[in-house]
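S.K.: Structure file data-v1.txt (compact mmCIF, C-alpha atoms and all ligand atoms) is given on the next line.
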```
# COMPACT_ATOMS: atom_id res chain seq x y z
CA MET A 1 -8.29 3.63 4.25
CA LEU A 2 -5.20 3.15 2.10
CA SER A 3 -5.25 0.12 -0.08
CA LEU A 4 -2.25 -1.96 -1.22
CA ALA A 5 -2.46 -4.78 -3.75
CA LEU A 6 -0.15 -7.79 -4.04
CA ALA A 7 0.43 -8.62 -7.69
CA GLY A 8 2.83 -10.91 -9.51
CA LYS A 9 3.21 -14.22 -11.26
CA PRO A 10 1.80 -17.43 -9.85
CA ASN A 11 4.13 -19.08 -7.30
CA ALA A 12 5.98 -15.86 -6.39
CA GLY A 13 4.68 -15.97 -2.81
CA LYS A 14 1.76 -13.51 -2.86
CA SER A 15 -0.59 -15.63 -0.78
CA THR A 16 2.14 -16.46 1.72
CA PHE A 17 2.88 -12.74 2.11
CA TYR A 18 -0.84 -12.00 2.37
CA THR A 19 -1.47 -14.67 4.99
CA ALA A 20 1.47 -13.50 7.10
CA ALA A 21 0.66 -9.81 6.77
CA THR A 22 -3.03 -10.15 7.59
CA MET A 23 -2.70 -12.59 10.48
CA ALA A 24 -4.49 -10.42 12.97
CA ASP A 25 -2.46 -9.94 16.10
CA VAL A 26 -5.01 -7.41 17.25
CA ASP A 27 -8.77 -7.38 17.19
CA VAL A 28 -9.89 -6.19 13.79
CA ALA A 29 -13.42 -7.51 14.08
CA ASN A 30 -14.87 -4.01 14.18
CA TYR A 31 -13.55 -3.32 10.70
CA PRO A 32 -16.49 -4.05 8.42
CA PHE A 33 -14.44 -5.23 5.43
CA THR A 34 -12.39 -7.88 7.25
CA THR A 35 -14.85 -10.43 5.98
CA ILE A 36 -15.51 -9.00 2.51
CA ASP A 37 -13.83 -11.92 0.82
CA ALA A 38 -10.99 -14.36 1.10
CA ASN A 39 -8.36 -12.21 -0.59
CA ARG A 40 -9.10 -8.84 0.99
CA GLY A 41 -7.92 -8.17 4.51
CA VAL A 42 -6.40 -5.73 6.93
CA SER A 43 -2.70 -5.34 7.40
CA HIS A 44 -0.70 -2.60 9.09
CA ALA A 45 2.01 -0.04 8.62
CA ARG A 46 4.29 0.25 11.63
CA THR A 47 5.34 3.54 13.16
CA GLN A 48 6.40 4.94 16.55
CA CYS A 49 3.45 5.65 18.81
CA PRO A 50 3.38 9.16 20.32
CA CYS A 51 2.75 7.49 23.69
CA LEU A 52 6.52 6.99 23.85
CA ASP A 53 6.54 10.65 24.94
CA LEU A 54 4.15 9.93 27.82
CA ASP A 55 4.98 8.38 31.17
CA GLU A 56 3.04 5.24 30.31
CA ARG A 57 2.29 3.37 27.10
CA CYS A 58 -1.18 4.07 25.69
CA GLY A 59 -2.53 0.54 25.93
CA ASN A 60 -4.22 0.74 22.55
CA ASP A 61 -4.84 -2.65 20.89
CA ARG A 62 -2.66 -1.58 17.98
CA CYS A 63 0.25 -0.39 20.10
CA HIS A 64 2.81 -2.92 21.29
CA ASP A 65 5.08 -1.14 23.70
CA GLY A 66 5.28 1.97 21.55
CA LYS A 67 5.27 0.16 18.20
CA ARG A 68 2.09 1.42 16.60
CA TYR A 69 0.33 -0.56 13.85
CA VAL A 70 -1.86 1.56 11.58
CA PRO A 71 -4.44 -0.35 9.51
CA VAL A 72 -4.25 -0.48 5.71
CA LYS A 73 -6.21 -2.67 3.32
CA LEU A 74 -4.32 -5.49 1.66
CA LEU A 75 -5.47 -7.34 -1.43
CA ASP A 76 -4.13 -10.64 -2.76
CA VAL A 77 -4.61 -10.62 -6.52
CA ALA A 78 -4.43 -14.03 -8.21
CA GLY A 79 -1.35 -14.68 -10.35
CA LEU A 80 -0.81 -12.72 -13.54
CA VAL A 81 0.91 -14.17 -16.59
CA PRO A 82 2.06 -12.43 -19.79
CA GLY A 83 -1.03 -11.68 -21.89
CA ALA A 84 -3.17 -11.05 -18.80
CA HIS A 85 -4.58 -7.82 -20.24
CA GLU A 86 -6.05 -9.85 -23.11
CA GLY A 87 -7.71 -12.13 -20.62
CA ARG A 88 -5.08 -14.90 -20.44
CA GLY A 89 -5.51 -16.84 -17.20
CA LEU A 90 -8.48 -14.66 -16.22
CA GLY A 91 -5.97 -11.82 -16.25
CA ASN A 92 -8.50 -9.10 -17.03
CA GLN A 93 -10.60 -9.92 -14.06
CA PHE A 94 -7.53 -9.97 -11.81
CA LEU A 95 -6.25 -6.69 -13.20
CA ASP A 96 -9.63 -5.05 -12.59
CA GLU A 97 -9.09 -5.75 -8.91
CA LEU A 98 -6.19 -3.29 -8.99
CA THR A 99 -8.49 -0.35 -9.77
CA ASP A 100 -8.83 0.79 -6.16
CA ALA A 101 -5.25 0.09 -5.10
CA ASP A 102 -3.12 3.08 -4.05
CA ALA A 103 0.10 1.16 -4.66
CA ILE A 104 1.15 -2.23 -6.01
CA LEU A 105 3.37 -4.61 -4.08
CA HIS A 106 4.89 -6.60 -6.90
CA VAL A 107 5.93 -9.94 -5.47
CA VAL A 108 8.84 -11.40 -7.44
CA ASP A 109 10.47 -14.79 -6.90
CA ALA A 110 13.98 -13.36 -6.55
CA SER A 111 15.46 -16.86 -6.42
CA GLY A 112 14.74 -17.24 -10.12
CA ALA A 113 12.98 -20.56 -9.51
CA THR A 114 9.73 -19.51 -11.20
CA ASP A 115 9.67 -19.13 -14.97
CA GLU A 116 7.81 -16.56 -17.05
CA GLU A 117 4.54 -18.45 -16.78
CA GLY A 118 4.77 -19.09 -13.06
CA GLU A 119 5.99 -22.68 -13.39
CA PRO A 120 8.69 -23.89 -10.99
CA VAL A 121 12.21 -24.32 -12.43
CA GLU A 122 15.69 -24.71 -10.90
CA ILE A 123 16.91 -21.86 -8.69
CA GLY A 124 18.59 -19.21 -10.83
CA GLU A 125 17.11 -20.42 -14.12
CA HIS A 126 14.84 -17.40 -14.64
CA ASP A 127 16.02 -13.79 -14.51
CA PRO A 128 13.59 -12.04 -12.09
CA VAL A 129 14.41 -8.63 -13.58
CA GLU A 130 12.36 -9.66 -16.63
CA ASP A 131 9.30 -9.90 -14.38
CA LEU A 132 9.48 -6.18 -13.63
CA ASP A 133 8.85 -5.22 -17.26
CA PHE A 134 6.05 -7.66 -17.74
CA ILE A 135 3.90 -6.49 -14.85
CA GLU A 136 4.22 -2.83 -15.86
CA GLU A 137 3.38 -3.70 -19.45
CA GLU A 138 0.34 -5.73 -18.45
CA MET A 139 -0.94 -2.94 -16.22
CA ASP A 140 -0.36 -0.30 -18.91
CA LEU A 141 -2.11 -2.34 -21.60
CA TRP A 142 -4.97 -3.16 -19.25
CA LEU A 143 -5.54 0.53 -18.56
CA ALA A 144 -5.19 1.32 -22.27
CA SER A 145 -7.91 -1.24 -23.04
CA ILE A 146 -10.23 0.39 -20.49
CA ILE A 147 -9.59 3.77 -22.09
CA GLU A 148 -10.30 2.30 -25.50
CA ARG A 149 -13.55 0.75 -24.30
CA ASN A 150 -14.73 4.12 -23.04
CA TRP A 151 -13.54 6.10 -26.03
CA GLU A 152 -16.85 5.98 -27.88
CA THR A 153 -18.46 7.92 -25.04
CA VAL A 154 -15.74 10.56 -25.21
CA GLU A 155 -16.23 10.82 -29.00
CA ARG A 156 -19.96 11.10 -28.63
CA ARG A 157 -19.62 13.87 -26.07
CA SER A 158 -17.24 15.76 -28.35
CA ARG A 159 -20.22 16.67 -30.57
CA SER A 160 -21.56 18.90 -27.83
CA PRO A 161 -20.57 22.58 -28.31
CA ASP A 162 -19.15 23.03 -24.79
CA PHE A 163 -16.96 19.90 -25.03
CA ASP A 164 -13.64 20.14 -23.25
CA ILE A 165 -11.27 17.22 -23.73
CA ASP A 166 -9.50 17.69 -20.37
CA GLU A 167 -12.80 17.69 -18.57
CA ALA A 168 -14.04 14.60 -20.41
CA LEU A 169 -10.82 12.67 -19.72
CA SER A 170 -10.74 13.70 -16.07
CA GLU A 171 -14.28 12.61 -15.51
CA PHE A 172 -13.66 9.20 -16.86
CA LEU A 173 -10.14 8.60 -15.51
CA THR A 174 -11.21 9.39 -11.94
CA GLY A 175 -13.49 6.38 -12.42
CA VAL A 176 -10.47 4.09 -12.88
CA GLY A 177 -8.85 5.14 -9.64
CA ALA A 178 -7.02 8.38 -10.49
CA THR A 179 -7.60 11.53 -8.47
CA GLU A 180 -8.40 14.82 -10.21
CA LEU A 181 -4.92 16.04 -9.31
CA ASP A 182 -3.33 12.94 -10.90
CA VAL A 183 -5.27 13.53 -14.08
CA ALA A 184 -4.51 17.26 -14.19
CA ARG A 185 -0.78 16.60 -13.74
CA THR A 186 -0.74 13.85 -16.34
CA LEU A 187 -2.59 15.89 -18.95
CA ARG A 188 -0.29 18.86 -18.41
CA GLU A 189 2.70 16.75 -19.41
CA LEU A 190 1.21 14.98 -22.42
CA GLU A 191 0.65 16.30 -25.90
CA TYR A 192 -2.57 15.14 -27.49
CA PRO A 193 -5.18 16.21 -30.04
CA GLU A 194 -8.18 18.24 -28.89
CA ASP A 195 -10.42 16.13 -31.11
CA PRO A 196 -10.95 12.62 -29.68
CA LEU A 197 -11.46 11.30 -33.23
CA ALA A 198 -7.85 12.18 -33.99
CA TRP A 199 -6.49 10.05 -31.15
CA THR A 200 -4.42 7.00 -32.10
CA ASP A 201 -3.73 3.85 -30.09
CA GLU A 202 -0.33 5.35 -29.26
CA HIS A 203 -1.99 8.38 -27.68
CA ARG A 204 -4.19 6.16 -25.56
CA GLU A 205 -1.26 3.93 -24.58
CA SER A 206 0.91 6.82 -23.46
CA LEU A 207 -1.98 8.29 -21.49
CA ALA A 208 -2.49 4.87 -19.90
CA SER A 209 1.14 4.34 -18.91
CA ASP A 210 1.45 7.86 -17.53
CA ILE A 211 -1.70 7.54 -15.43
CA ARG A 212 -0.64 4.09 -14.30
CA ALA A 213 2.80 5.24 -13.18
CA ARG A 214 1.27 8.13 -11.27
CA THR A 215 -1.61 6.30 -9.64
CA LYS A 216 -0.16 2.82 -9.11
CA PRO A 217 3.43 3.16 -7.92
CA ILE A 218 5.17 -0.21 -7.62
CA ILE A 219 7.18 -1.53 -4.69
CA VAL A 220 9.17 -4.65 -5.58
CA ILE A 221 9.12 -7.47 -3.07
CA ALA A 222 12.23 -9.55 -3.76
CA ASN A 223 10.73 -12.64 -2.18
CA LYS A 224 12.39 -15.93 -1.26
CA ALA A 225 15.40 -13.92 -0.14
CA ASP A 226 16.32 -16.97 1.95
CA VAL A 227 17.29 -18.87 -1.20
CA ALA A 228 17.86 -16.04 -3.70
CA PRO A 229 21.32 -15.39 -5.15
CA PRO A 230 22.40 -11.96 -3.79
CA GLU A 231 23.15 -10.74 -7.33
CA ASN A 232 19.48 -11.20 -8.23
CA ILE A 233 18.40 -8.96 -5.35
CA GLN A 234 21.04 -6.42 -6.35
CA ALA A 235 19.84 -6.42 -9.96
CA LEU A 236 16.24 -5.83 -8.85
CA LYS A 237 17.34 -2.95 -6.63
CA GLU A 238 19.17 -1.37 -9.53
CA ARG A 239 15.98 -1.38 -11.57
CA ASN A 240 13.63 -0.13 -8.84
CA GLU A 241 15.01 1.53 -5.73
CA ALA A 242 11.84 0.61 -3.85
CA THR A 243 12.94 -3.05 -3.76
CA ILE A 244 12.75 -4.87 -0.45
CA PRO A 245 14.30 -8.33 0.12
CA VAL A 246 11.66 -10.45 1.83
CA THR A 247 11.16 -13.91 3.20
CA ALA A 248 7.39 -14.23 3.27
CA ASP A 249 7.34 -17.78 4.55
CA GLY A 250 9.85 -16.80 7.23
CA GLU A 251 7.45 -14.13 8.46
CA LEU A 252 4.55 -16.59 8.32
CA ALA A 253 6.50 -19.11 10.40
CA LEU A 254 7.31 -16.41 12.96
CA ARG A 255 3.73 -15.23 13.26
CA ARG A 256 2.55 -18.80 13.73
CA ALA A 257 5.22 -19.31 16.37
CA VAL A 258 3.96 -16.18 18.15
CA GLU A 259 0.40 -17.56 18.09
CA ALA A 260 1.70 -20.83 19.51
CA ASP A 261 3.40 -18.85 22.30
CA ILE A 262 6.87 -20.14 21.56
CA VAL A 263 8.37 -16.95 20.15
CA GLU A 264 8.32 -13.27 21.06
CA TYR A 265 8.30 -11.08 17.98
CA ASP A 266 6.49 -8.00 16.76
CA PRO A 267 6.14 -7.60 12.98
CA GLY A 268 8.97 -5.43 11.74
CA ASP A 269 11.39 -6.34 14.53
CA PRO A 270 14.91 -7.11 13.31
CA ASP A 271 15.08 -10.21 15.51
CA PHE A 272 12.98 -12.50 17.72
CA GLU A 273 13.30 -14.44 20.93
CA ILE A 274 12.48 -18.09 21.48
CA THR A 275 10.49 -18.34 24.70
CA GLY A 276 8.82 -21.76 24.58
CA ASP A 277 9.82 -25.42 24.51
CA ILE A 278 10.51 -26.45 20.94
CA SER A 279 11.95 -29.43 19.12
CA ASP A 280 15.43 -29.41 17.59
CA ASP A 281 13.85 -29.28 14.13
CA GLN A 282 11.76 -26.27 15.04
CA GLU A 283 14.79 -24.57 16.49
CA ALA A 284 16.87 -25.23 13.38
CA GLY A 285 14.06 -23.80 11.23
CA LEU A 286 13.80 -20.67 13.33
CA GLU A 287 17.57 -20.18 13.32
CA ARG A 288 17.58 -20.34 9.53
CA ILE A 289 15.03 -17.51 9.53
CA ARG A 290 17.20 -15.58 11.96
CA ASP A 291 20.16 -15.84 9.56
CA VAL A 292 18.09 -14.30 6.75
CA MET A 293 16.88 -11.57 9.12
CA ASP A 294 20.47 -10.81 10.07
CA ASP A 295 21.33 -10.27 6.42
CA HIS A 296 18.38 -7.97 5.70
CA GLY A 297 17.45 -6.36 9.02
CA GLY A 298 14.28 -8.44 9.39
CA THR A 299 11.98 -10.61 7.27
CA GLY A 300 11.14 -7.62 5.07
CA VAL A 301 7.35 -8.10 5.18
CA GLN A 302 6.71 -5.15 7.50
CA LYS A 303 9.44 -3.10 5.82
CA ALA A 304 7.75 -3.53 2.44
CA LEU A 305 4.42 -2.30 3.84
CA ASP A 306 6.11 0.63 5.60
CA THR A 307 8.08 1.59 2.49
CA ALA A 308 4.88 1.60 0.45
CA VAL A 309 2.97 3.72 2.96
CA TYR A 310 5.55 6.15 4.30
CA GLU A 311 8.05 6.45 1.47
CA VAL A 312 6.41 5.71 -1.84
CA LEU A 313 2.94 7.03 -0.92
CA ASP A 314 4.41 9.74 1.32
CA GLN A 315 1.96 9.35 4.17
CA LEU A 316 2.16 10.62 7.73
CA THR A 317 0.35 9.42 10.84
CA ALA A 318 -1.76 11.90 12.81
CA TYR A 319 -3.63 11.20 16.04
CA PRO A 320 -6.83 13.14 16.74
CA VAL A 321 -7.76 13.52 20.42
CA GLN A 322 -10.50 15.35 22.33
CA ASP A 323 -8.47 16.14 25.42
CA GLU A 324 -5.18 17.87 24.63
CA THR A 325 -3.80 17.31 28.13
CA HIS A 326 -4.33 13.56 28.43
CA TRP A 327 -4.43 12.75 24.69
CA THR A 328 -7.71 10.92 25.14
CA ASP A 329 -11.11 10.65 23.48
CA GLY A 330 -14.41 11.21 25.34
CA GLN A 331 -14.15 7.80 27.01
CA GLY A 332 -10.64 8.29 28.36
CA ASN A 333 -8.91 6.07 25.76
CA VAL A 334 -5.37 7.32 25.18
CA LEU A 335 -4.47 7.95 21.51
CA PRO A 336 -7.51 6.00 20.30
CA ASP A 337 -7.09 6.55 16.57
CA ALA A 338 -4.31 6.90 14.04
CA HIS A 339 -4.98 8.34 10.59
CA LEU A 340 -2.76 8.11 7.54
CA LEU A 341 -2.75 11.30 5.48
CA PRO A 342 -0.63 12.40 2.52
CA ASP A 343 2.35 14.61 3.27
CA GLY A 344 1.32 18.26 3.22
CA SER A 345 -2.04 17.59 4.91
CA THR A 346 -3.43 20.24 7.26
CA PRO A 347 -5.48 20.02 10.48
CA ARG A 348 -8.61 20.54 8.40
CA ASP A 349 -7.70 17.51 6.26
CA LEU A 350 -7.38 15.49 9.47
CA ALA A 351 -10.80 16.76 10.56
CA TYR A 352 -12.29 15.50 7.28
CA ALA A 353 -10.51 12.17 7.70
CA VAL A 354 -12.12 11.75 11.13
CA HIS A 355 -15.59 12.48 9.76
CA SER A 356 -16.99 14.69 7.02
CA ASP A 357 -19.24 16.45 9.59
CA ILE A 358 -16.21 17.24 11.76
CA GLY A 359 -14.47 18.58 8.68
CA GLU A 360 -17.40 20.74 7.67
CA GLY A 361 -17.77 22.12 11.18
CA TYR A 362 -14.01 22.69 11.56
CA LEU A 363 -13.19 25.80 13.62
CA HIS A 364 -9.54 25.42 14.60
CA ALA A 365 -6.99 22.91 15.89
CA VAL A 366 -4.69 22.61 18.89
CA ASP A 367 -1.29 20.92 18.84
CA ALA A 368 -1.56 18.66 21.89
CA ARG A 369 2.21 18.44 22.33
CA GLU A 370 2.75 22.19 22.44
CA LYS A 371 -0.73 22.88 23.86
CA ARG A 372 -1.26 25.74 21.47
CA ARG A 373 -3.56 26.65 18.65
CA ILE A 374 -2.11 26.09 15.19
CA SER A 375 -3.06 27.89 12.01
CA ASP A 376 -5.22 26.22 9.37
CA ASP A 377 -2.38 26.00 6.87
CA THR A 378 0.02 24.21 9.23
CA GLU A 379 1.39 21.10 7.53
CA LEU A 380 1.08 18.15 9.86
CA ASP A 381 4.13 16.11 10.84
CA GLU A 382 4.51 12.39 11.46
CA GLY A 383 3.21 11.60 14.96
CA ASP A 384 1.28 14.83 15.50
CA VAL A 385 -1.36 14.68 18.23
CA ILE A 386 -4.13 17.12 17.36
CA LYS A 387 -7.28 18.32 19.06
CA ILE A 388 -9.84 19.44 16.51
CA VAL A 389 -12.38 22.02 17.57
CA SER A 390 -15.48 21.69 15.44
CA THR A 391 -19.12 22.70 15.61
CA ALA A 392 -19.93 19.03 14.93
CA LYS A 393 -19.55 16.44 17.66
N1 LIG B 401 11.99 -20.37 0.02
C1 LIG B 401 10.89 -19.63 0.11
N2 LIG B 401 9.71 -20.08 -0.39
C2 LIG B 401 8.63 -19.30 -0.27
C3 LIG B 401 8.69 -18.01 0.33
N3 LIG B 401 7.45 -17.46 0.28
C4 LIG B 401 6.66 -18.37 -0.32
N4 LIG B 401 7.36 -19.48 -0.67
C5 LIG B 401 6.85 -20.71 -1.33
O1 LIG B 401 6.53 -20.41 -2.68
C6 LIG B 401 5.41 -21.21 -3.11
C7 LIG B 401 4.32 -20.33 -3.69
O2 LIG B 401 3.79 -19.49 -2.67
P1 LIG B 401 2.34 -18.81 -2.77
O3 LIG B 401 2.26 -17.88 -1.64
O4 LIG B 401 1.28 -19.83 -2.90
O5 LIG B 401 2.52 -18.03 -4.16
P2 LIG B 401 1.41 -17.24 -5.04
O6 LIG B 401 1.04 -18.15 -6.15
O7 LIG B 401 2.16 -16.05 -5.54
O8 LIG B 401 0.27 -16.88 -4.16
C8 LIG B 401 4.95 -21.97 -1.87
O9 LIG B 401 5.50 -23.26 -1.92
C9 LIG B 401 5.55 -21.17 -0.72
O10 LIG B 401 5.78 -21.95 0.42
C10 LIG B 401 9.95 -17.56 0.84
O11 LIG B 401 10.11 -16.46 1.39
N5 LIG B 401 11.00 -18.41 0.70
MG MG B 402 -1.79 -17.26 -4.44
```
Once you've parsed the file, please lay out its structure as structure tokens.
M.R.:
Amino acid sequence: MLSLALAGKPNAGKSTFYTAATMADVDVANYPFTTIDANRGVSHARTQCPCLDLDERCGNDRCHDGKRYVPVKLLDVAGLVPGAHEGRGLGNQFLDELTDADAILHVVDASGATDEEGEPVEIGEHDPVEDLDFIEEEMDLWLASIIERNWETVERRSRSPDFDIDEALSEFLTGVGATELDVARTLRELEYPEDPLAWTDEHRESLASDIRARTKPIIVIANKADVAPPENIQALKERNEATIPVTADGELALRRAVEADIVEYDPGDPDFEITGDISDDQEAGLERIRDVMDDHGGTGVQKALDTAVYEVLDQLTAYPVQDETHWTDGQGNVLPDAHLLPDGSTPRDLAYAVHSDIGEGYLHAVDAREKRRISDDTELDEGDVIKIVSTAK
């Protein structure tokens, strides 16, 4: 399952975002890691369910009237301050938590009311653009320090006659969360000595920042958009085009209102409806959230998750079924599962995502929309419904 990590300074709103985004509106109890620990949970990317093409909605727990929520892991990393890679504020330990993350959601207090160290100041006093540099630097230096720690092993191995530096680096970088393809692409673009003893700190740092940029893309969450000066949000967007204005506590308030049955709202909707009896104060609070949503097309929480999954990580959603006519599994559930796969994935990749046995026994696949067999090198599209024929059951 894809994994996204919330990182940023203390007080930026990470935990508020996390709480809102993991408030289970569907039953996630059958996901074994929901209880792993307090800061690791399940959130969702939102897409259009293929059941919109059927006469009736599928009725899946994760489909609300054709809005399909596909599970992703979400991690709330404790606040990072400058110097984190050297262990300031337990920074090392927190950074280590990023190892498995496929992308980083960098939560920034776009209102400028949190200083460099995460202490509250007056709105507008701190320039949030400065926070963008610091988190990249900390991540780069953290990775560089891991490389340095492991360098002795690389040097030792270089005494063996069949030593190959690319191979040695690949082996060890895949251990810090990079795929073999990431490593191969990074090494192709860097110039470095064949002999590990000739490497300088600069070599290791440029390797680290290249690997980091490739394996941990950053989406900027311009949080506290409800009180942020618009020019701050604009400045953040100019620095990173994957910047989403967000009101995390607005989303949290909405989700709580949904639980209390006073509001109708699905995460990612541009608006909500008040359906219950509420006090004037509650109404005023909700209307303030509505104003922010009007400005930004929603609270931004769901949009940030969707941008990370579908745009920055280039994923698509594919739906394996056993019955290509009714789009069901063996028990008659319509569109029971949704899998996120990287763009360019084939039916065989989907088979492996379902189960390694299904992948190994893969024979062919059927496009359940067109009701015809598709070739093994077909690239899947967003929303494809696929029957996999495999020797494994
Ligand atoms: N105005 C405003 N305040 C927010 C928003 N999100 C979070 N906060 C507040 O910012 C403070 C820090 O939030 P928290 O989630 O604990 O930050 P963390 O330290 O990054 O985990 C709390 O007082 C939150 O209520 C938001 O969207 N708008
Ligand atoms: Mg927190």
S.K.: Enumerate residues in contact with ligand MG 402 (chain B): an atom-to-atom distance of at most 6 Å, counting all atoms listed in the file. Format the result as a list in words.
M.R.: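 Going residue by residue within 6 Å of ligand MG 402 (chain B), we get Lys14, Ser15 and Ala78 of chain A.
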S.K.: Taking all atoms listed in the file into account, list the residues no farther than 6 Å from ligand LIG 401 (chain B), as a ChimeraX atom specification.
M.R.: /A:10-16,79,223-224,226-227,247-250
S.K.: Would you write out those residues with C-alpha atoms, as a short mmCIF file (atom, residue, chain, number, x, y, z; two decimals), in the coordinates of the input?
M.R.:
```cif
data_model
loop_
_atom_site.label_atom_id
_atom_site.label_comp_id
_atom_site.auth_asym_id
_atom_site.auth_seq_id
_atom_site.Cartn_x
_atom_site.Cartn_y
_atom_site.Cartn_z
CA PRO A 10 1.80 -17.43 -9.85
CA ASN A 11 4.13 -19.08 -7.30
CA ALA A 12 5.98 -15.86 -6.39
CA GLY A 13 4.68 -15.97 -2.81
CA LYS A 14 1.76 -13.51 -2.86
CA SER A 15 -0.59 -15.63 -0.78
CA THR A 16 2.14 -16.46 1.72
CA GLY A 79 -1.35 -14.68 -10.35
CA ASN A 223 10.73 -12.64 -2.18
CA LYS A 224 12.39 -15.93 -1.26
CA ASP A 226 16.32 -16.97 1.95
CA VAL A 227 17.29 -18.87 -1.20
CA THR A 247 11.16 -13.91 3.20
CA ALA A 248 7.39 -14.23 3.27
CA ASP A 249 7.34 -17.78 4.55
CA GLY A 250 9.85 -16.80 7.23
#
```
S.K.: Quick one: residues within 10 Å of A:Gln48, all atoms listed in the file, excluding same-chain residues fewer than 6 positions away - as a PyMOL selection string?
M.R.: chain A and resi 63-69+317+382-383
S.K.: Could you list, as a list in words, every residue within 12 Å of A:Gln282, counting all atoms listed in the file and ignoring same-chain residues fewer than 3 positions away?
M.R.: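 Surrounding residues, per the criterion: Ala253, Leu254, Arg256, Ala257, Ile262, Val263, Ile274, Gly276, Asp277, Ile278, Ser279, Gly285, Leu286, Glu287, Arg288 and Ile289 of chain A.
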S.K.: With distances taken over all atoms listed in the file, which of A:Ser111, A:Thr243, A:Thr179, A:Thr275 is nearest to A:Ala228?
M.R.: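 Answer, going by the shortest atom-to-atom distance: A:Ser111.
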S.K.: At most 10 Å from (-9.8, 20.2, -24.7), file frame, all atoms listed in the file: which residues, as number ranges by chain?
M.R.: A: 158, 162-169, 192-196
S.K.: Between A:Glu171, A:Glu130, A:Asp271, A:Glu311, which one has atoms that come closest to A:Asn232, using all atoms listed in the file?
M.R.: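 For A:Asn232, the nearest of the given residues is A:Glu130.
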S.K.: What is the atom CA of A:Met23-atom CA of A:Gln93 distance in Å, reported with one decimal?
M.R.: 25.9 Å
S.K.: Atom CA of A:Val183 to atom CA of A:Ser170: how many Å, to one decimal?
M.R.: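 Straight-line distance from atom CA of A:Val183 to atom CA of A:Ser170 works out to 5.8 Å.
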S.K.: Using all atoms listed in the file, which residues sit within 10 Å of A:Phe94 once same-chain residues fewer than 4 positions away are excluded, as number ranges by chain?
M.R.: A: 7, 76-80, 84-85, 87, 89-90, 98-99
S.K.: Quick one: write out the picked residues with C-alpha atoms as an mmCIF file, in the coordinates of the input?
M.R.:
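Once everything was written out, this is again-v9.cif:
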```cif
data_model
loop_
_atom_site.group_PDB
_atom_site.id
_atom_site.type_symbol
_atom_site.label_atom_id
_atom_site.label_comp_id
_atom_site.auth_asym_id
_atom_site.auth_seq_id
_atom_site.Cartn_x
_atom_site.Cartn_y
_atom_site.Cartn_z
ATOM 1 C CA ALA A 7 0.430 -8.620 -7.690
ATOM 2 C CA ASP A 76 -4.130 -10.640 -2.760
ATOM 3 C CA VAL A 77 -4.610 -10.620 -6.520
ATOM 4 C CA ALA A 78 -4.430 -14.030 -8.210
ATOM 5 C CA GLY A 79 -1.350 -14.680 -10.350
ATOM 6 C CA LEU A 80 -0.810 -12.720 -13.540
ATOM 7 C CA ALA A 84 -3.170 -11.050 -18.800
ATOM 8 C CA HIS A 85 -4.580 -7.820 -20.240
ATOM 9 C CA GLY A 87 -7.710 -12.130 -20.620
ATOM 10 C CA GLY A 89 -5.510 -16.840 -17.200
ATOM 11 C CA LEU A 90 -8.480 -14.660 -16.220
ATOM 12 C CA LEU A 98 -6.190 -3.290 -8.990
ATOM 13 C CA THR A 99 -8.490 -0.350 -9.770
#
```
S.K.: Using only C-alpha atoms, which residues sit within 10 Å of stretch 327-329 of chain A once same-chain residues fewer than 5 positions away are excluded, as a list of chain:residue names?
M.R.: A:Pro50, A:Cys51, A:Leu54, A:Cys58, A:Tyr319, A:Pro320, A:Val321, A:Gln322, A:Val334, A:Leu335, A:Pro336, A:Asp337, A:Ala368, A:Arg369, A:Val385, A:Ile386, A:Lys387
S.K.: Using only C-alpha atoms, determine which residues lie at most 9 Å from A:Pro217, disregarding the query and same-chain residues fewer than 6 positions distant; provide the list as a PyMOL selection string.
M.R.: chain A and resi 102-105+308+312-313
S.K.: Could the centre and edge lengths of an axis-aligned box, enclosing all atoms of stretch 331-350 of chain A in the file with 6 Å extra on each side, be given in Å to one decimal as lines of an AutoDock Vina configuration file?
M.R.:
```
center_x = -5.9
center_y = 13.3
center_z = 15.4
size_x = 28.5
size_y = 26.5
size_z = 37.8
```
S.K.: Please, what distance in Å, to one decimal, runs between atom CA of A:Asp343 and atom CA of A:Glu56?
M.R.: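 Interatomic distance here is 28.6 Å.
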S.K.: Could you tell me which of A:Ser3, A:Thr47, A:Thr307, A:Asn240 comes closest to A:Glu97 if we count all atoms listed in the file?
M.R.: A:Ser3
S.K.: Measuring atom to atom with all atoms listed in the file, identify which of A:Asp367, A:Asp314, A:Glu122, A:Asp61 is nearest to A:Asn333.
M.R.: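 The shortest atom-to-atom distance to A:Asn333 comes from A:Asp61.
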S.K.: Which is closer to A:Val366 than all the others in A:Val292, A:Val354, A:Ala284, A:Val389, using only C-alpha atoms?
M.R.: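 The closest residue to A:Val366 is A:Val389.
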S.K.: For each of A:Leu341, A:Ala45, A:Leu52, A:Leu4, take the minimum atom-to-atom distance to A:Leu74, counting all atoms listed in the file, then give the residue where this is smallest.
M.R.: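 Checking each of A:Leu341, A:Ala45, A:Leu52, A:Leu4 against A:Leu74, counting all atoms listed in the file, the winner is A:Leu4.
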